[in-house]
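**Student:** Structure below; questions to follow.
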Amino acid sequence: MDSKLLDILACPICKGSLIYRKKDKELICKVDRLAFPIRDGIPVMLEAEARSLDAEEKVE
C-alpha cells in the first residue's frame, strides 16, 4: 500500500486515522474497532464491507 495514500485515507465513520495491517490486507480503525478490506490493492472504505474486530483482537 502506498504510504501517500495511507496519509490521506481516514475512517469513513469517525474520520480518524487508520492502521495498515499488511498480512491481513486490511485498514484498521482503532476507535470504531473495524477492519476495512483491501481488494486488488484498492481499499474498500464502506461500513457494510468492514468487519468488526473481536474484543480480544489486538490493534497495533
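Residue numbers start at 1 in each chain; chains themselves are named A, B, ... in the order of the C-alpha cells; ligands are numbered from 1 in the order shown.
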When you look at region 35-41 of chain A with a cut-off of 9 Å (counting only C-alpha atoms), what residues show up, excluding the ones that are within fewer than 6 positions of it in the same chain? I need them as a ChimeraX atom specification.
**Tutor:** /A:1,11,24-29,47,49-53
**Student:** Keeping only N, CA and C atoms, take the residues you just selected and write them out as a tab-separated table (two decimals), in the first residue's frame.
**Tutor:**
chain	number	residue	atom	x	y	z
A	1	MET	N	0.85	-1.17	0.00
A	1	MET	CA	0.00	0.00	0.00
A	1	MET	C	0.90	1.24	0.00
A	11	CYS	N	-10.96	6.92	8.38
A	11	CYS	CA	-12.13	6.09	8.65
A	11	CYS	C	-13.37	6.84	8.16
A	24	ASP	N	-2.94	-9.13	6.72
A	24	ASP	CA	-4.38	-9.40	6.57
A	24	ASP	C	-5.01	-8.59	5.44
A	25	LYS	N	-4.23	-7.69	4.83
A	25	LYS	CA	-4.73	-6.81	3.77
A	25	LYS	C	-5.95	-6.05	4.25
A	26	GLU	N	-5.76	-5.31	5.35
A	26	GLU	CA	-6.84	-4.54	5.96
A	26	GLU	C	-6.34	-3.19	6.45
A	27	LEU	N	-7.27	-2.26	6.55
A	27	LEU	CA	-7.04	-0.99	7.21
A	27	LEU	C	-7.89	-0.99	8.47
A	28	ILE	N	-7.26	-0.73	9.60
A	28	ILE	CA	-7.91	-0.85	10.90
A	28	ILE	C	-8.20	0.53	11.50
A	29	CYS	N	-9.42	0.69	12.00
A	29	CYS	CA	-9.78	1.88	12.77
A	29	CYS	C	-9.85	1.45	14.23
A	47	GLU	N	-18.73	0.92	5.29
A	47	GLU	CA	-19.04	0.33	6.58
A	47	GLU	C	-19.65	-1.07	6.42
A	49	GLU	N	-18.92	-3.28	4.28
A	49	GLU	CA	-17.90	-4.25	3.90
A	49	GLU	C	-16.88	-4.50	5.02
A	50	ALA	N	-16.89	-3.66	6.04
A	50	ALA	CA	-15.93	-3.77	7.14
A	50	ALA	C	-16.33	-4.90	8.08
A	51	ARG	N	-15.33	-5.48	8.72
A	51	ARG	CA	-15.62	-6.49	9.73
A	51	ARG	C	-15.31	-5.90	11.10
A	52	SER	N	-16.10	-6.30	12.08
A	52	SER	CA	-15.87	-5.86	13.46
A	52	SER	C	-14.73	-6.66	14.05
A	53	LEU	N	-13.89	-5.99	14.80
A	53	LEU	CA	-12.79	-6.67	15.47
A	53	LEU	C	-13.30	-7.32	16.74
**Student:** Residues within 12 Å of Lys15 (chain A), please, as a list in words. Count only C-alpha atoms; anything in the same chain fewer than 4 positions from it doesn't count.
**Tutor:**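 In the requested form, the answer reads Ile8, Leu9, Ala10, Cys11, Cys29, Lys30, Val31, Asp32 and Met45 of chain A.
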**Student:** With C-alpha atoms retained, write the just-selected residues as a compact mmCIF listing (two decimals), in the first residue's frame.
**Tutor:**
# COMPACT_ATOMS: atom_id res chain seq x y z
CA ILE A 8 -4.88 10.79 3.16
CA LEU A 9 -7.23 7.90 3.97
CA ALA A 10 -9.44 8.18 7.04
CA CYS A 11 -12.13 6.09 8.65
CA CYS A 29 -9.78 1.88 12.77
CA LYS A 30 -8.92 1.67 16.48
CA VAL A 31 -11.79 3.92 17.56
CA ASP A 32 -14.59 2.03 15.82
CA MET A 45 -13.98 2.01 2.68
**Student:** Could you go through chain A and tell me which residues DSSP, when run on the backbone, assigns to alpha helix (DSSP H), listing them as a list in words?
**Tutor:**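 Residues meeting the alpha helix (DSSP H) criterion: Ser3, Lys4, Leu5, Leu6, Asp7 and Ile8 of chain A.
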**Student:** Mind the document's chain letters and residue numbers, and return as number ranges by chain the residues of chain A that DSSP labels strand (DSSP E).
**Tutor:** A: 19-21, 26-29, 34-39, 42-43, 51-52
